[in-house]
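Peer 1: File structure18.cif below, mmCIF, C-alpha atoms:
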data_coords
#
loop_
_atom_site.label_atom_id
_atom_site.label_comp_id
_atom_site.auth_asym_id
_atom_site.auth_seq_id
_atom_site.Cartn_x
_atom_site.Cartn_y
_atom_site.Cartn_z
CA MET A 1 0.00 0.00 0.00
CA ARG A 2 1.36 3.47 -0.90
CA GLN A 3 2.49 5.40 2.14
CA LEU A 4 1.13 8.89 2.46
CA PRO A 5 3.76 11.63 2.88
CA GLU A 6 4.18 12.82 6.43
CA LYS A 7 2.18 15.96 7.05
CA VAL A 8 4.36 19.03 7.40
CA GLU A 9 3.31 21.50 10.02
CA LYS A 10 2.95 24.97 8.53
CA LYS A 11 2.77 28.46 9.93
CA LEU A 12 1.79 31.73 8.36
CA LEU A 13 4.16 34.68 8.13
CA VAL A 14 3.40 38.31 7.32
CA VAL A 15 5.48 39.84 4.50
CA ARG A 16 5.45 42.94 2.31
CA SER A 17 3.10 42.34 -0.60
CA ASP A 18 5.50 43.79 -3.24
CA ILE A 19 8.18 41.32 -2.14
CA LEU A 20 5.70 38.47 -2.15
CA GLU A 21 4.67 39.26 -5.71
CA LYS A 22 8.29 39.10 -6.92
CA LEU A 23 8.81 35.91 -4.98
CA TYR A 24 5.73 34.37 -6.52
CA GLU A 25 7.08 35.28 -9.97
CA ILE A 26 10.45 33.56 -9.23
CA ALA A 27 8.67 30.46 -7.88
CA ARG A 28 6.57 30.27 -11.05
CA LYS A 29 9.66 30.59 -13.31
CA GLU A 30 11.53 27.91 -11.35
CA ASN A 31 8.52 25.65 -11.30
CA LYS A 32 8.43 25.54 -7.50
CA THR A 33 5.66 26.15 -5.03
CA LEU A 34 5.78 29.39 -3.07
CA PHE A 35 5.87 27.25 0.07
CA ALA A 36 9.02 25.38 -1.09
CA LEU A 37 10.79 28.56 -2.16
CA THR A 38 9.99 30.33 1.13
CA ASN A 39 11.37 27.37 3.07
CA GLU A 40 14.59 27.42 1.03
CA ILE A 41 15.10 31.11 1.77
CA LEU A 42 14.42 30.66 5.47
CA GLN A 43 16.90 27.79 5.60
CA ASP A 44 19.52 30.01 3.92
CA ALA A 45 18.77 32.85 6.34
CA ILE A 46 19.34 30.49 9.28
CA LYS A 47 22.60 29.21 7.73
CA VAL A 48 23.85 32.77 7.19
CA ASN A 49 23.01 33.61 10.79
CA GLU A 50 25.32 30.80 11.91
CA ILE A 51 28.25 32.95 10.73
CA ASN A 52 26.86 35.88 12.72
CA LYS A 53 25.67 37.81 9.70
CA THR A 54 22.27 38.69 8.32
CA ILE A 55 21.42 37.94 4.69
CA GLY A 56 21.40 41.68 4.02
CA GLU A 57 24.94 42.03 5.42
CA LEU A 58 26.10 39.02 3.43
CA LEU A 59 24.72 40.44 0.19
CA ASN A 60 26.25 43.82 0.93
CA PHE A 61 29.64 42.18 1.63
CA HIS A 62 29.36 40.23 -1.63
CA ASN A 63 28.53 43.38 -3.63
CA LEU A 64 31.50 45.27 -2.15
CA ILE A 65 33.92 42.42 -2.86
CA LYS A 66 32.57 42.24 -6.41
CA LEU A 67 33.04 45.99 -6.83
CA GLN A 68 36.62 45.62 -5.67
CA LYS A 69 37.33 42.66 -7.96
CA ASP A 70 35.66 44.32 -10.95
CA SER A 71 38.08 47.23 -10.52
CA GLY A 72 40.87 44.78 -11.34
CA ALA A 73 42.11 44.45 -7.73
CA MET A 74 43.89 41.18 -7.10
CA ILE A 75 44.03 39.01 -4.04
CA VAL A 76 47.70 38.63 -3.23
CA PRO A 77 49.49 37.06 -0.26
CA SER A 78 50.59 39.87 2.05
CA ASP A 79 54.13 38.49 2.39
CA ILE A 80 54.59 38.89 -1.37
CA LEU A 81 53.40 42.48 -1.17
CA LEU A 82 55.64 43.17 1.82
CA LYS A 83 58.69 41.71 0.09
CA ALA A 84 58.01 43.84 -2.98
CA LEU A 85 57.46 46.97 -0.90
CA LYS A 86 60.72 46.45 0.96
CA ASN A 87 62.55 46.04 -2.35
CA TRP A 88 61.15 49.30 -3.65
CA ASN A 89 64.15 51.63 -3.60
CA ASN A 90 62.42 54.98 -3.68
CA LYS A 91 59.84 55.26 -0.90
CA GLU A 92 58.36 58.52 -2.18
CA GLU A 93 57.87 57.00 -5.59
CA MET A 94 56.20 54.00 -3.97
CA ILE A 95 53.71 56.11 -1.99
CA LYS A 96 53.04 58.14 -5.13
CA ALA A 97 52.24 54.93 -7.04
CA TRP A 98 49.67 54.01 -4.36
CA GLU A 99 48.23 57.50 -4.45
CA LEU A 100 47.77 57.26 -8.20
CA ALA A 101 46.18 53.82 -7.84
CA GLY A 102 43.83 55.31 -5.21
CA GLU A 103 42.96 58.21 -7.46
CA TRP A 104 42.05 55.83 -10.25
CA TYR A 105 39.94 53.78 -7.84
CA GLY A 106 38.15 56.93 -6.62
CA LYS A 107 37.22 57.76 -10.21
CA TYR A 108 36.08 54.18 -10.73
CA LEU A 109 33.80 54.55 -7.67
CA ILE A 110 32.36 57.81 -9.06
CA ALA A 111 31.60 56.00 -12.31
CA LYS A 112 30.01 53.01 -10.56
CA LEU A 113 28.16 54.49 -7.59
CA GLU A 114 25.69 57.30 -7.04
CA ASN A 115 27.19 58.39 -3.73
CA PRO A 116 30.68 56.88 -3.31
CA LEU A 117 31.37 58.73 -0.06
CA GLU A 118 28.42 57.01 1.61
CA VAL A 119 29.73 53.56 0.66
CA LEU A 120 33.35 54.31 1.54
CA PRO A 121 33.36 53.19 5.23
CA SER A 122 31.95 49.75 4.44
CA LEU A 123 34.12 49.51 1.32
CA PHE A 124 37.24 50.22 3.36
CA SER A 125 36.28 47.67 6.03
CA THR A 126 35.59 45.07 3.36
CA SER A 127 38.75 45.57 1.36
CA PHE A 128 41.53 46.67 3.74
CA TRP A 129 42.11 43.24 5.24
CA HIS A 130 45.39 44.25 6.85
CA LEU A 131 43.72 46.83 9.12
CA SER A 132 41.94 45.90 12.31
CA GLU A 133 39.72 48.98 12.46
CA ILE A 134 38.70 51.80 10.14
CA LYS A 135 36.65 54.79 11.28
CA MET A 136 35.25 57.50 9.09
CA ASN A 137 33.50 60.63 10.38
CA MET A 138 31.83 63.18 8.15
CA ARG A 139 31.42 66.70 9.49
CA ASN A 140 29.11 69.14 7.71
CA ASP A 141 29.58 67.47 4.34
CA ASP A 142 32.90 69.24 3.80
CA LYS A 143 35.21 67.68 6.38
CA VAL A 144 36.08 64.02 6.72
CA ILE A 145 38.24 62.32 9.35
CA ILE A 146 39.49 58.81 8.60
CA SER A 147 41.31 56.71 11.20
CA LEU A 148 43.19 53.60 10.19
CA ILE A 149 44.15 51.29 13.02
CA ALA A 150 46.40 48.24 12.75
CA PRO A 151 48.69 47.80 15.75
CA ASN A 152 49.99 44.42 14.55
CA THR A 153 50.61 45.34 10.92
CA GLU A 154 53.93 46.36 9.38
CA GLN A 155 54.18 50.14 9.30
CA ILE A 156 54.86 50.15 5.57
CA LEU A 157 51.38 48.71 4.93
CA ILE A 158 49.83 51.60 6.89
CA GLU A 159 51.86 54.10 4.88
CA ILE A 160 50.82 52.74 1.51
CA THR A 161 47.19 52.60 2.70
CA VAL A 162 47.42 56.26 3.65
CA GLY A 163 48.69 57.03 0.14
CA TYR A 164 45.87 54.98 -1.39
CA VAL A 165 43.19 56.66 0.77
CA ASN A 166 44.62 60.10 -0.07
CA GLY A 167 44.30 59.24 -3.76
CA ILE A 168 40.70 58.05 -3.38
CA MET A 169 39.69 61.14 -1.40
CA SER A 170 41.39 63.42 -3.92
CA ALA A 171 39.34 61.84 -6.73
CA LEU A 172 36.20 62.39 -4.62
CA GLY A 173 36.99 66.11 -4.29
CA PHE A 174 38.75 66.25 -0.91
CA GLN A 175 42.24 67.41 -0.04
CA ASN A 176 44.33 66.13 2.82
CA THR A 177 44.72 68.79 5.53
CA LYS A 178 46.24 66.70 8.30
CA CYS A 179 48.08 63.41 8.35
CA ASP A 180 49.25 61.88 11.62
CA ILE A 181 50.97 58.52 11.27
CA ILE A 182 52.36 56.82 14.32
CA ARG A 183 53.05 53.14 14.92
CA GLY A 184 49.96 51.18 13.97
CA VAL A 185 47.67 54.20 13.65
CA ALA A 186 46.99 56.85 11.02
CA ILE A 187 44.58 59.76 11.44
CA LEU A 188 43.76 61.64 8.27
CA GLU A 189 41.71 64.81 7.91
CA PHE A 190 40.26 65.98 4.63
CA SER A 191 38.48 69.15 3.54
CA LYS A 192 36.43 69.66 0.42
CA LYS A 193 38.48 71.17 -2.40
CA ILE A 194 37.36 74.70 -3.26
CA MET B 1 2.71 49.37 2.97
CA LYS B 2 0.50 46.41 2.01
CA ARG B 3 1.10 43.14 3.80
CA LYS B 4 0.23 39.57 2.90
CA PHE B 5 0.57 36.11 4.38
CA VAL B 6 2.92 33.40 3.22
CA ALA B 7 3.15 29.84 4.54
CA ALA B 8 6.38 28.18 5.69
CA ARG B 9 7.49 25.13 7.64
CA ALA B 10 6.68 25.61 11.33
CA ASP B 11 10.16 24.52 12.54
CA LEU B 12 11.85 27.10 10.30
CA VAL B 13 9.43 29.82 11.42
CA GLU B 14 10.27 29.00 15.01
CA LYS B 15 14.01 29.29 14.34
CA ILE B 16 13.50 32.65 12.62
CA SER B 17 11.43 33.73 15.62
CA GLU B 18 14.34 32.81 17.92
CA LEU B 19 16.75 34.80 15.73
CA ALA B 20 14.41 37.79 15.93
CA LYS B 21 14.29 37.58 19.72
CA LYS B 22 18.09 37.26 20.02
CA SER B 23 18.80 40.19 17.71
CA GLY B 24 16.01 42.41 19.09
CA ARG B 25 14.33 42.73 15.70
CA THR B 26 10.85 41.89 14.49
CA MET B 27 10.09 38.73 12.52
CA PHE B 28 8.60 40.96 9.84
CA SER B 29 11.88 42.86 9.38
CA ILE B 30 14.09 39.75 9.32
CA LEU B 31 11.82 37.97 6.92
CA ASN B 32 11.49 40.87 4.49
CA GLU B 33 15.25 41.42 4.56
CA ALA B 34 15.88 37.74 3.75
CA LEU B 35 13.29 37.61 0.96
CA ASP B 36 14.44 40.92 -0.51
CA ALA B 37 18.11 39.80 -0.47
CA PHE B 38 17.09 36.56 -2.18
CA ILE B 39 15.30 38.50 -4.95
CA LYS B 40 18.31 40.83 -5.43
CA ALA B 41 20.68 37.86 -5.62
CA LYS B 42 18.38 36.22 -8.20
CA GLU B 43 18.45 39.38 -10.28
CA LYS B 44 22.22 38.87 -10.51
CA ASN B 45 21.77 35.20 -11.40
CA LYS B 46 23.14 34.10 -8.05
CA ASP B 47 21.58 32.18 -5.23
CA LEU B 48 22.22 32.77 -1.56
CA TYR B 49 23.97 29.44 -1.11
CA THR B 50 26.54 30.30 -3.84
CA ILE B 51 27.06 33.74 -2.33
CA LEU B 52 27.58 32.19 1.09
CA GLU B 53 30.13 29.75 -0.38
CA GLU B 54 31.98 32.51 -2.25
CA MET B 55 32.14 34.70 0.81
CA SER B 56 33.43 31.88 2.98
CA VAL B 57 36.34 31.47 0.51
CA ILE B 58 37.02 35.21 0.77
CA GLU B 59 37.09 34.87 4.58
CA ILE B 60 39.52 31.95 4.26
CA ALA B 61 41.80 34.04 2.01
CA ARG B 62 41.66 36.88 4.50
CA ASN B 63 42.53 34.55 7.38
CA ALA B 64 45.37 33.06 5.32
CA GLY B 65 47.02 36.50 5.22
CA MET B 66 45.99 37.64 1.77
CA ILE B 67 45.34 41.21 0.80
CA PHE B 68 43.72 43.20 -2.04
CA VAL B 69 46.23 44.92 -4.30
CA PRO B 70 45.30 47.32 -7.12
CA GLU B 71 46.12 45.97 -10.57
CA ALA B 72 48.48 48.86 -11.40
CA ILE B 73 50.54 48.23 -8.27
CA TYR B 74 50.64 44.50 -8.92
CA ASN B 75 52.02 45.12 -12.40
CA ILE B 76 54.83 47.28 -10.98
CA ILE B 77 55.63 44.59 -8.38
CA MET B 78 55.74 41.95 -11.10
CA GLU B 79 58.23 43.90 -13.16
CA ASN B 80 60.72 44.27 -10.35
CA ASN B 81 60.51 41.12 -8.28
CA ASN B 82 60.97 37.43 -8.74
CA ILE B 83 58.15 36.17 -6.53
CA GLU B 84 57.13 32.90 -8.16
CA ASN B 85 58.34 30.83 -5.25
CA TYR B 86 56.39 32.94 -2.76
CA TRP B 87 53.24 32.13 -4.69
CA LYS B 88 53.87 28.41 -4.28
CA ASN B 89 54.30 28.72 -0.51
CA SER B 90 51.27 30.90 -0.36
CA GLY B 91 49.28 28.32 -2.34
CA GLN B 92 50.27 25.67 0.17
CA LEU B 93 49.14 27.85 3.05
CA PHE B 94 45.85 28.66 1.33
CA GLY B 95 45.37 24.95 0.61
CA LYS B 96 45.89 24.23 4.30
CA TYR B 97 43.25 26.80 5.25
CA LEU B 98 40.85 25.30 2.70
CA GLU B 99 41.44 21.85 4.18
CA ILE B 100 40.82 23.07 7.72
CA ASN B 101 37.56 24.61 6.52
CA GLY B 102 36.33 21.34 5.04
CA PHE B 103 37.30 21.80 1.37
CA LYS B 104 38.37 18.36 0.15
CA GLU B 105 36.53 17.63 -3.10
CA LEU B 106 38.40 18.76 -6.21
CA LYS B 107 35.32 20.61 -7.53
CA ASN B 108 35.13 22.69 -4.33
CA ILE B 109 38.86 23.39 -4.41
CA GLU B 110 38.48 24.49 -8.03
CA LYS B 111 35.66 26.90 -7.09
CA ALA B 112 37.69 28.33 -4.22
CA ILE B 113 40.75 28.91 -6.42
CA LYS B 114 38.60 30.66 -9.04
CA GLU B 115 37.31 32.98 -6.33
CA ILE B 116 40.88 33.98 -5.50
CA VAL B 117 42.57 34.19 -8.90
CA GLY B 118 39.57 35.67 -10.71
CA GLU B 119 36.39 34.32 -12.25
CA ASP B 120 37.46 35.27 -15.76
CA ILE B 121 40.22 32.66 -15.62
CA ASP B 122 39.02 29.27 -16.78
CA ILE B 123 40.42 26.66 -14.39
CA SER B 124 39.52 23.01 -14.37
CA ILE B 125 40.99 20.50 -11.95
CA SER B 126 40.76 16.75 -12.43
CA SER B 127 42.51 13.95 -10.56
CA ASN B 128 45.58 14.01 -12.83
CA LYS B 129 45.79 17.50 -14.28
CA ILE B 130 44.93 21.16 -13.95
CA ILE B 131 44.16 23.23 -17.00
CA CYS B 132 44.09 26.98 -16.70
CA ILE B 133 43.16 29.13 -19.70
CA CYS B 134 43.30 32.89 -19.86
CA PRO B 135 44.62 34.30 -23.14
CA ARG B 136 44.61 37.92 -21.94
CA LEU B 137 46.94 37.37 -18.98
CA MET B 138 50.59 38.36 -19.10
CA GLU B 139 53.02 35.48 -18.81
CA ASN B 140 54.36 36.66 -15.44
CA ARG B 141 50.91 36.60 -13.87
CA LEU B 142 50.23 33.21 -15.41
CA ARG B 143 53.46 31.85 -13.88
CA ASP B 144 52.38 33.13 -10.45
CA ILE B 145 48.98 31.50 -10.81
CA ALA B 146 50.63 28.24 -11.89
CA SER B 147 52.87 28.33 -8.79
CA PHE B 148 49.90 29.11 -6.56
CA LEU B 149 47.92 26.20 -8.04
CA GLU B 150 50.93 23.95 -7.59
CA GLY B 151 51.19 24.95 -3.92
CA VAL B 152 47.49 24.29 -3.28
CA MET B 153 47.62 20.85 -4.88
CA VAL B 154 50.84 19.88 -3.07
CA ASN B 155 49.01 20.59 0.17
CA PHE B 156 46.27 18.15 -0.85
CA GLY B 157 48.86 15.40 -1.35
CA PHE B 158 49.46 15.71 -5.10
CA ASN B 159 52.91 15.45 -6.64
CA ILE B 160 53.55 17.68 -9.60
CA ILE B 161 54.88 15.70 -12.55
CA LYS B 162 55.08 18.38 -15.21
CA LYS B 163 54.20 22.04 -15.49
CA GLU B 164 53.75 23.60 -18.91
CA ILE B 165 53.19 27.30 -19.35
CA SER B 166 52.56 28.64 -22.82
CA LYS B 167 50.82 31.78 -24.02
CA GLY B 168 47.60 32.04 -22.03
CA ILE B 169 47.58 28.37 -21.01
CA VAL B 170 48.88 26.43 -18.03
CA ILE B 171 48.81 22.65 -17.89
CA ILE B 172 49.93 21.00 -14.68
CA ARG B 173 50.13 17.22 -14.68
CA MET B 174 50.02 15.64 -11.26
CA LYS B 175 49.57 12.41 -9.39
CA LYS B 176 48.19 11.80 -5.94
CA GLY B 177 50.22 10.20 -3.21
CA GLU B 178 53.40 8.88 -4.77
CA THR B 179 56.76 10.49 -4.27
CA ILE B 180 58.21 11.53 -7.56
CA ALA B 181 61.56 13.22 -7.95
CA ARG B 182 60.53 16.49 -9.49
CA GLU B 183 63.95 17.91 -10.25
CA GLY B 184 64.42 18.52 -13.90
CA ARG B 185 60.88 17.50 -14.79
CA GLU B 186 59.31 20.94 -14.84
CA LYS B 187 59.05 22.12 -18.35
CA THR B 188 58.32 25.65 -19.37
CA ILE B 189 57.38 26.59 -22.87
CA SER B 190 57.54 30.31 -23.42
CA GLY B 191 54.96 31.66 -25.83
#
Could you express the structure from this file as structure tokens?

Peer 2:
Amino acid sequence: MRQLPEKVEKKLLVVRSDILEKLYEIARKENKTLFALTNEILQDAIKVNEINKTIGELLNFHNLIKLQKDSGAMIVPSDILLKALKNWNNKEEMIKAWELAGEWYGKYLIAKLENPLEVLPSLFSTSFWHLSEIKMNMRNDDKVIISLIAPNTEQILIEITVGYVNGIMSALGFQNTKCDIIRGVAILEFSKKI
Amino acid sequence: MKRKFVAARADLVEKISELAKKSGRTMFSILNEALDAFIKAKEKNKDLYTILEEMSVIEIARNAGMIFVPEAIYNIIMENNNIENYWKNSGQLFGKYLEINGFKELKNIEKAIKEIVGEDIDISISSNKIICICPRLMENRLRDIASFLEGVMVNFGFNIIKKEISKGIVIIRMKKGETIAREGREKTISG
């Protein structure tokens, strides 16, 4: 005799109707029931939570990494970078190269995003893996303070990051007015270019 | 804002309810965020599971001491430094991190490597060879990738039998488990 499938207990959830309509459309295209698709998404949401992130944060992280990769940035072992930086004979030239790379990246952000300055703090946190903390404060739309903190990172990596950030900010219309670099910390102040 | 009802498995709803309590948010907000993120991912032809996998590889790379470098800077570094061997060591370290994080199947290792070296590079790994195709890459970069791949596979117990690098193509022949004297067997064909 054919065994009947075990009855699944269901519950009702309240959702935004515009989202539900889009979801219904996806379910139809994928030939799934709305019930099955909703369960899949909830399972994913629970899985994502296991790494202490929300799905929104995960998607945001993914978008920022993609933005970074699409700009041509490469993932490179830090010891390779450090070796190359230490071999660079002219330090000024090296910082200048990072500044130019930052300036190009700033222009890339202008081309890709509506408000690059708004995205910058999360973009920095996502892509500056060698820093332990990055803070960015905007004051009155024309003054920005950026703090880069990395007590356990080689100083040279902080210095090139400062050059890179200066380049980005310059492309976004800000000039550096103060630059304090001490061991493991850099505090940068920027004002809007007139 | 109009609201509607949708049905889901009771056990999953309960778990979401627990998450809401722990994070001090409403079920409504968590649910809409999850559904909305799913729709946005679909619009980019991705699913949440793939995104989760990709991001876990990025986290592994970050933990293995990797760093983002702008392309222009990388090109300058390449011109002035012989760093091929560093790439091999780095590949071994990355392989170790992958292993610790449960990456053992060749298909998963392949996906993880693509995430690191770039999705536009066509890499396929089978039990006896790796083929990597990217006609637009400069030979130096291709050599680094080949060394990185070699390092990863050595970590997973493969011995490299032969490494061929020609214009835009890398072929690495390998064998699992046996000790093979590699000296003098690496072959490089310059394009």

Peer 1: Using only C-alpha atoms, find the one residue out of B:Glu43, B:Glu84, B:Glu150, B:Glu79 that sits nearest to Ile171 of chain B.

Peer 2: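 Of B:Glu43, B:Glu84, B:Glu150, B:Glu79, the one nearest Ile171 of chain B, counting only C-alpha atoms, is B:Glu150.
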
Peer 1: Determine the residue membership of the PyMOL selection byres ((chain B and resi 114-130) around 7) for the file above and supply it as a ChimeraX atom specification.

Peer 2: /A:75 /B:54,106,110-113,131-134,171-175

Peer 1: One decimal, Å: what's the distance from atom CA of Gly157 of chain B over to atom CA of Asp144 of chain B, could you say?

Peer 2: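 Separating atom CA of Gly157 of chain B from atom CA of Asp144 of chain B is a distance of 20.2 Å.
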
Peer 1: Mind listing as a ChimeraX atom specification all residues within 10 Å of (35.3, 60.8, 7.2), counting only C-alpha atoms?

Peer 2: /A:117-118,120-121,135-139,141-147,169,188-191

Peer 1: At a cut-off of 9 Å, using only C-alpha atoms, what residues contact Val6 of chain B? Leave out same-chain residues fewer than 2 positions from it and give the result as a PyMOL selection string.

Peer 2: (chain A and resi 11-15+20+34-35+38) or (chain B and resi 4+8)

Peer 1: Just give me the gap between atom CA of Glu59 of chain B and atom CA of Leu98 of chain B in Å, one decimal is fine.

Peer 2: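 The value is 10.5 Å.
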
Peer 1: Pull out every residue that the PyMOL selection byres ((chain B) within 6 of (chain A)) matches in the shown coordinates and put them as a CSV table (one decimal) with C-alpha atoms, in the frame of the given file.

Peer 2:
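Written file, part.csv:
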chain,number,residue,atom,x,y,z
B,2,LYS,CA,0.5,46.4,2.0
B,3,ARG,CA,1.1,43.1,3.8
B,4,LYS,CA,0.2,39.6,2.9
B,5,PHE,CA,0.6,36.1,4.4
B,6,VAL,CA,2.9,33.4,3.2
B,7,ALA,CA,3.2,29.8,4.5
B,8,ALA,CA,6.4,28.2,5.7
B,9,ARG,CA,7.5,25.1,7.6
B,10,ALA,CA,6.7,25.6,11.3
B,34,ALA,CA,15.9,37.7,3.8
B,37,ALA,CA,18.1,39.8,-0.5
B,65,GLY,CA,47.0,36.5,5.2
B,66,MET,CA,46.0,37.6,1.8
B,67,ILE,CA,45.3,41.2,0.8
B,68,PHE,CA,43.7,43.2,-2.0
B,69,VAL,CA,46.2,44.9,-4.3
B,70,PRO,CA,45.3,47.3,-7.1
B,71,GLU,CA,46.1,46.0,-10.6
B,77,ILE,CA,55.6,44.6,-8.4

Peer 1: Evaluate the PyMOL selection byres ((chain A and resi 151) around 10) here and jot the selected residues down as a list in words.

Peer 2: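 Applied to this file, the PyMOL selection byres ((chain A and resi 151) around 10) returns Leu131, Ser132, Glu133, Leu148, Ile149, Ala150, Asn152, Thr153, Glu154, Gln155, Ile158, Ile182, Arg183, Gly184 and Val185 of chain A.
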
Peer 1: Between B:Met55, B:Leu35, B:Met1, B:Ile169, which residue has the minimum interatomic distance to Lys66 of chain A, considering only C-alpha atoms?

Peer 2: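 Nearest to Lys66 of chain A: B:Met55.
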
Peer 1: At what distance in Å, to one decimal, does atom CA of Glu33 of chain B lie from atom CA of Leu109 of chain A?

Peer 2: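 Atom CA of Glu33 of chain B lies 25.8 Å from atom CA of Leu109 of chain A.
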
Peer 1: Would you list the contacts of Leu19 of chain B as a PyMOL selection string, taking every protein, DNA or RNA residue within 9 Å and counting all atoms listed in the file, but skipping same-chain residues closer than 5 positions in sequence?

Peer 2: (chain A and resi 46+49) or (chain B and resi 14+24-25+27+30)
